[in-house]
Amino acid sequence: MNENYFVKTHALGNEYLVFNEEKTNFKLTQKAIQRICNVNFGIGSDGILLKVPSNKADFGLRIFNPDGSEAEKSGNGLRIFCKYIYDYGFTYNKEFSVETKGGIVKAKIIEISNGKAKIISVEMGKANFHSKEIPTRFTKTEVIGEKLNIQDKEYEINCVSVGNPHCVILKKELNIDEIKQYGHLIETNNYFPNRINVQFAKVLSRSEAEILIWERGAGFTLASGTSSCAVASVLRKRNLVDNEVKIKMPGGELLIEIEDNWNVKMTGEVRQIAAGTLSDELIEDLNK
Ligand SMILES: N[C@H](CCC[C@H](N)C(=O)O)C(=O)O
C-alpha cells in the first residue's frame, strides 16, 4: 500500500475516507481534516476514519467529523472500516473486534460479494440513557420526553448515548427544511456540553421507523448508523417498537436489534466508491 493511500466508501450514502496512520506522512490536524473533507479543495467526505494500533482489540479506529472534531463512535464509519480491514487483507477472519473512543465493538462480515465485504453487522454496545453520561445538563436522571425550546419551536426530546450522544425527536411528519434549520441550533444548545447528534423520527409500525438526521460536526447526512441505533433504542424505551426495527433514511435502510439488556446490534450494506493516493501538492498544503 502506497504512502497516503485512501479508500472512499459509502454506507447508504454516508461516505467516509479511510486512512492508515502507519502509511500517512501528514498530520491529521483540524485544518487538514476540514481541507480533505471539502469537495472543492480536497476530496470531499462526511468524515475521516483512521486505522490506529490497539492493545485492547484486534484493530483501533479514530473517527473525525468534517469540521475536524473527533467522534467517539460512528455506525456507518465502523461498517466502512470493517470492510476496509477485510477487503485489504488485514485479517482473513470474518469476526473481529475494533476499539473506538466510544468503546470496543464486535463486527461480523455477513455477506461477501466478489471477495469483498458487502453486508456487515456490528454489536454496538449498550444504549445508555443516563443524562449525565450522555452528557446533557438536564438535572433528571434520564431525558425522555423533556421539553426543549428552540426559538419559536417547543420540542419534546429524548436523549441517549450509543457511545456518542444523540437527541431524538418524535414527529408525525418529517420535514427536511425544518431539520436543516433547527438541527444546528439543537446540536449546539447549552444543554449539551459536547454538542449532540439530532434525529427526527416517524414511527411507521412496531418494526419500522423513518428518520432524518442532523449530525454533530457534519450537518445533514443521508444516513447514520449510530443515529439509527439511538432512534431504535428510544422507540424501544418508549415501547413504540419491538426488538427488531428497520430504520429508513434518505440514503437507505439499516436493521437494528435491541436486546432486553439494551445491547444494540446494527446490520447493513457498505460499498466502495474509489481508492487512490493524495497528491504531493495536497500534502504540501496540508503540512503548511
Ligand atoms: N457525527 C457523529 C459521528 C458520525 C456518526 C454517523 N456517521 C454514524 O454513521 O454513526 C458524531 O459526532 O457523533
# chains A, B, ... in the order shown; residues from 1 in each chain; ligands from 1
call {"tool": "residues_near_ligand", "arguments": {"ligand": "ligand 1", "cutoff": "9 Å", "atoms": "only C-alpha atoms and all ligand atoms", "output": "mmCIF file with N, CA and C atoms, in the first residue's frame"}}
result
data_model
loop_
_atom_site.group_PDB
_atom_site.id
_atom_site.type_symbol
_atom_site.label_atom_id
_atom_site.label_comp_id
_atom_site.auth_asym_id
_atom_site.auth_seq_id
_atom_site.Cartn_x
_atom_site.Cartn_y
_atom_site.Cartn_z
ATOM 1 N N ALA A 11 -21.762 4.123 3.092
ATOM 2 C CA ALA A 11 -22.724 3.237 3.737
ATOM 3 C C ALA A 11 -24.051 3.977 3.621
ATOM 4 N N ASN A 14 -23.726 7.664 3.209
ATOM 5 C CA ASN A 14 -22.930 8.345 4.239
ATOM 6 C C ASN A 14 -21.487 7.915 3.962
ATOM 7 N N GLU A 15 -20.675 8.870 3.456
ATOM 8 C CA GLU A 15 -19.361 8.479 2.922
ATOM 9 C C GLU A 15 -18.216 8.853 3.846
ATOM 10 N N TYR A 16 -17.222 7.988 3.848
ATOM 11 C CA TYR A 16 -16.032 8.215 4.666
ATOM 12 C C TYR A 16 -14.777 7.908 3.866
ATOM 13 N N ASP A 46 -18.003 12.922 4.338
ATOM 14 C CA ASP A 46 -18.759 13.134 5.583
ATOM 15 C C ASP A 46 -17.887 12.869 6.806
ATOM 16 N N GLY A 47 -16.627 12.486 6.581
ATOM 17 C CA GLY A 47 -15.750 12.255 7.724
ATOM 18 C C GLY A 47 -14.531 11.429 7.335
ATOM 19 N N ILE A 63 -12.229 8.389 14.665
ATOM 20 C CA ILE A 63 -13.273 8.881 13.748
ATOM 21 C C ILE A 63 -13.317 10.401 13.822
ATOM 22 N N PHE A 64 -13.244 11.058 12.666
ATOM 23 C CA PHE A 64 -13.273 12.518 12.643
ATOM 24 C C PHE A 64 -14.447 13.018 11.810
ATOM 25 N N ASN A 65 -15.115 14.051 12.339
ATOM 26 C CA ASN A 65 -16.165 14.744 11.591
ATOM 27 C C ASN A 65 -15.515 15.728 10.618
ATOM 28 N N PRO A 66 -16.266 16.166 9.575
ATOM 29 C CA PRO A 66 -15.663 17.074 8.594
ATOM 30 C C PRO A 66 -15.278 18.447 9.155
ATOM 31 N N SER A 69 -13.659 17.876 14.361
ATOM 32 C CA SER A 69 -13.866 17.343 15.709
ATOM 33 C C SER A 69 -13.788 15.811 15.658
ATOM 34 N N GLU A 70 -13.499 15.229 16.825
ATOM 35 C CA GLU A 70 -13.383 13.764 16.866
ATOM 36 C C GLU A 70 -14.637 13.164 17.475
ATOM 37 N N ALA A 71 -15.185 12.138 16.846
ATOM 38 C CA ALA A 71 -16.386 11.460 17.365
ATOM 39 C C ALA A 71 -15.955 10.198 18.106
ATOM 40 N N GLU A 72 -16.718 9.850 19.140
ATOM 41 C CA GLU A 72 -16.417 8.635 19.902
ATOM 42 C C GLU A 72 -16.747 7.395 19.082
ATOM 43 N N LYS A 73 -17.808 7.501 18.280
ATOM 44 C CA LYS A 73 -18.285 6.324 17.555
ATOM 45 C C LYS A 73 -18.972 6.743 16.270
ATOM 46 N N SER A 74 -19.066 5.830 15.321
ATOM 47 C CA SER A 74 -19.868 6.034 14.110
ATOM 48 C C SER A 74 -20.280 4.662 13.612
ATOM 49 N N GLY A 75 -21.552 4.470 13.417
ATOM 50 C CA GLY A 75 -22.041 3.152 12.990
ATOM 51 C C GLY A 75 -21.689 2.872 11.541
ATOM 52 N N ASN A 76 -21.989 3.821 10.663
ATOM 53 C CA ASN A 76 -21.611 3.639 9.254
ATOM 54 C C ASN A 76 -20.099 3.610 9.131
ATOM 55 N N GLY A 77 -19.434 4.490 9.896
ATOM 56 C CA GLY A 77 -17.969 4.531 9.888
ATOM 57 C C GLY A 77 -17.388 3.182 10.288
ATOM 58 N N LEU A 78 -17.984 2.533 11.277
ATOM 59 C CA LEU A 78 -17.486 1.230 11.718
ATOM 60 C C LEU A 78 -17.657 0.173 10.632
ATOM 61 N N ARG A 79 -18.817 0.145 9.997
ATOM 62 C CA ARG A 79 -19.014 -0.861 8.935
ATOM 63 C C ARG A 79 -18.055 -0.602 7.771
ATOM 64 N N GLY A 163 -22.508 5.382 22.662
ATOM 65 C CA GLY A 163 -21.062 5.604 22.516
ATOM 66 C C GLY A 163 -20.840 7.063 22.176
ATOM 67 N N ASN A 164 -21.720 7.627 21.352
ATOM 68 C CA ASN A 164 -21.756 9.070 21.082
ATOM 69 C C ASN A 164 -23.169 9.584 21.416
ATOM 70 N N PRO A 165 -23.304 10.902 21.599
ATOM 71 C CA PRO A 165 -24.564 11.453 22.122
ATOM 72 C C PRO A 165 -25.628 11.758 21.056
ATOM 73 N N HIS A 166 -26.884 11.476 21.387
ATOM 74 C CA HIS A 166 -27.983 11.676 20.436
ATOM 75 C C HIS A 166 -29.212 12.286 21.102
ATOM 76 N N ARG A 195 -21.974 19.040 22.504
ATOM 77 C CA ARG A 195 -22.860 19.096 21.321
ATOM 78 C C ARG A 195 -23.579 17.737 21.192
ATOM 79 N N ILE A 196 -24.418 17.601 20.162
ATOM 80 C CA ILE A 196 -25.203 16.357 20.089
ATOM 81 C C ILE A 196 -25.645 16.096 18.653
ATOM 82 N N ASN A 197 -25.829 14.819 18.308
ATOM 83 C CA ASN A 197 -26.426 14.430 17.024
ATOM 84 C C ASN A 197 -27.940 14.498 17.180
ATOM 85 N N TRP A 214 -29.449 15.078 11.575
ATOM 86 C CA TRP A 214 -28.531 16.210 11.601
ATOM 87 C C TRP A 214 -27.357 15.777 12.468
ATOM 88 N N GLU A 215 -26.176 15.616 11.836
ATOM 89 C CA GLU A 215 -25.038 15.091 12.589
ATOM 90 C C GLU A 215 -24.172 16.181 13.191
ATOM 91 N N ARG A 216 -23.802 15.957 14.435
ATOM 92 C CA ARG A 216 -22.809 16.811 15.088
ATOM 93 C C ARG A 216 -21.555 16.891 14.213
ATOM 94 N N GLY A 217 -21.109 18.095 13.946
ATOM 95 C CA GLY A 217 -19.836 18.271 13.216
ATOM 96 C C GLY A 217 -19.895 17.951 11.744
ATOM 97 N N ALA A 218 -21.069 17.569 11.238
ATOM 98 C CA ALA A 218 -21.167 17.207 9.822
ATOM 99 C C ALA A 218 -22.381 17.843 9.148
ATOM 100 N N GLY A 219 -23.478 18.062 9.896
ATOM 101 C CA GLY A 219 -24.695 18.625 9.317
ATOM 102 C C GLY A 219 -25.633 17.553 8.809
ATOM 103 N N THR A 221 -26.962 14.590 6.889
ATOM 104 C CA THR A 221 -26.387 13.466 6.142
ATOM 105 C C THR A 221 -27.509 12.513 5.704
ATOM 106 N N ALA A 223 -27.565 9.274 5.861
ATOM 107 C CA ALA A 223 -27.745 8.102 6.730
ATOM 108 C C ALA A 223 -26.769 8.192 7.887
ATOM 109 N N SER A 224 -27.080 7.518 8.978
ATOM 110 C CA SER A 224 -26.177 7.470 10.128
ATOM 111 C C SER A 224 -26.468 6.213 10.927
ATOM 112 N N GLY A 225 -25.426 5.447 11.186
ATOM 113 C CA GLY A 225 -25.584 4.183 11.907
ATOM 114 C C GLY A 225 -25.899 4.386 13.374
ATOM 115 N N THR A 226 -25.113 5.247 14.037
ATOM 116 C CA THR A 226 -25.377 5.454 15.464
ATOM 117 C C THR A 226 -26.725 6.150 15.664
ATOM 118 N N SER A 227 -27.105 7.025 14.698
ATOM 119 C CA SER A 227 -28.428 7.666 14.797
ATOM 120 C C SER A 227 -29.531 6.616 14.740
ATOM 121 N N SER A 228 -29.367 5.632 13.859
ATOM 122 C CA SER A 228 -30.367 4.558 13.743
ATOM 123 C C SER A 228 -30.453 3.775 15.045
ATOM 124 N N CYS A 229 -29.283 3.496 15.646
ATOM 125 C CA CYS A 229 -29.252 2.767 16.924
ATOM 126 C C CYS A 229 -29.928 3.603 18.011
#
call {"tool": "select_by_dssp", "arguments": {"residues": "segment 6-217 of chain A", "states": "strand (DSSP E or B)", "output": "ChimeraX atom specification"}}
result
/A:6-11,14-20,48-52,59-64,70-71,95-100,103-113,116-126,128,130,142,144-150,153-161,165-170,197-205,208-215
call {"tool": "closest_residue", "arguments": {"among": "A:Val231, A:Ser45, A:Lys180, A:Val241", "to": "Arg206 of chain A", "atoms": "only C-alpha atoms"}}
result
A:Val241
call {"tool": "closest_residue", "arguments": {"among": "A:Cys167, A:Met124, A:Ala274, A:Val264", "to": "Val143 of chain A", "atoms": "only C-alpha atoms"}}
result
A:Cys167
call {"tool": "select_by_dssp", "arguments": {"residues": "segment 28-201 of chain A", "states": "alpha helix (DSSP H)", "output": "JSON, numbers by chain"}}
result
{"A": [30, 31, 32, 33, 34, 35, 36, 37, 75, 76, 77, 78, 79, 80, 81, 82, 83, 84, 85, 86, 87, 176, 177, 178, 179, 180, 181, 182, 183, 184, 185, 186, 187]}
call {"tool": "closest_atom_pairs", "arguments": {"of": "segment 111-175 of chain A", "to": "segment 186-192 of chain A", "cutoff": "9 Å", "atoms": "only C-alpha atoms", "output": "JSON lines"}}
result
{"residue": "A:Ile134", "atom": "CA", "partner": "A:Phe192", "partner_atom": "CA", "distance": 8.7}
{"residue": "A:Pro135", "atom": "CA", "partner": "A:Phe192", "partner_atom": "CA", "distance": 6.5}
{"residue": "A:Thr136", "atom": "CA", "partner": "A:Phe192", "partner_atom": "CA", "distance": 4.8}
{"residue": "A:Arg137", "atom": "CA", "partner": "A:Tyr191", "partner_atom": "CA", "distance": 4.8}
{"residue": "A:Phe138", "atom": "CA", "partner": "A:Tyr191", "partner_atom": "CA", "distance": 6.6}
{"residue": "A:Leu148", "atom": "CA", "partner": "A:Ile186", "partner_atom": "CA", "distance": 8.7}
{"residue": "A:Ile150", "atom": "CA", "partner": "A:Ile186", "partner_atom": "CA", "distance": 7.2}
{"residue": "A:Pro165", "atom": "CA", "partner": "A:Phe192", "partner_atom": "CA", "distance": 8.9}
{"residue": "A:Cys167", "atom": "CA", "partner": "A:Ile186", "partner_atom": "CA", "distance": 8.4}
call {"tool": "closest_residue", "arguments": {"among": "A:Leu170, A:Gln272, A:Ile213, A:Leu254", "to": "Val234 of chain A", "atoms": "only C-alpha atoms"}}
result
A:Leu170
call {"tool": "closest_residue", "arguments": {"among": "A:Leu278, A:Ile112, A:Ala232, A:Val203", "to": "Leu17 of chain A", "atoms": "only C-alpha atoms"}}
result
A:Leu278
call {"tool": "atom_distance", "arguments": {"atom1": "atom CA of Glu244 of chain A", "atom2": "atom CA of Glu257 of chain A"}}
result
4.5 Å
call {"tool": "closest_residue", "arguments": {"among": "A:Asn25, A:Asn158, A:Gln34, A:Thr267", "to": "Ile119 of chain A", "atoms": "only C-alpha atoms"}}
result
A:Thr267
call {"tool": "closest_residue", "arguments": {"among": "A:Thr277, A:Asn4, A:Thr9, A:Asn93", "to": "Lys27 of chain A", "atoms": "only C-alpha atoms"}}
result
A:Asn4
call {"tool": "residues_around", "arguments": {"residues": "Ile109 of chain A", "least_positions_apart": "6", "cutoff": "12 Å", "atoms": "only C-alpha atoms", "output": "ChimeraX atom specification"}}
result
/A:78-87,91-97,115-123,266-270
call {"tool": "residues_around", "arguments": {"residues": "Ala201 of chain A", "least_positions_apart": "6", "cutoff": "9 Å", "atoms": "only C-alpha atoms", "output": "compact mmCIF listing (two decimals) with C-alpha atoms, in the first residue's frame"}}
result
# COMPACT_ATOMS: atom_id res chain seq x y z
CA VAL A 168 -34.25 12.01 19.23
CA ILE A 169 -37.44 13.98 18.45
CA LEU A 170 -40.60 12.08 17.53
CA LYS A 171 -42.58 13.60 14.66
CA LYS A 172 -45.89 12.91 12.90
CA GLU A 173 -44.37 14.19 9.63
CA LEU A 174 -40.71 14.60 8.68
CA ALA A 209 -39.42 3.94 11.53
CA GLU A 210 -38.34 6.66 9.14
CA ILE A 211 -35.77 9.22 10.22
CA LEU A 212 -33.94 12.40 9.21
CA ILE A 213 -30.51 13.16 10.60
CA VAL A 231 -33.69 6.13 17.46
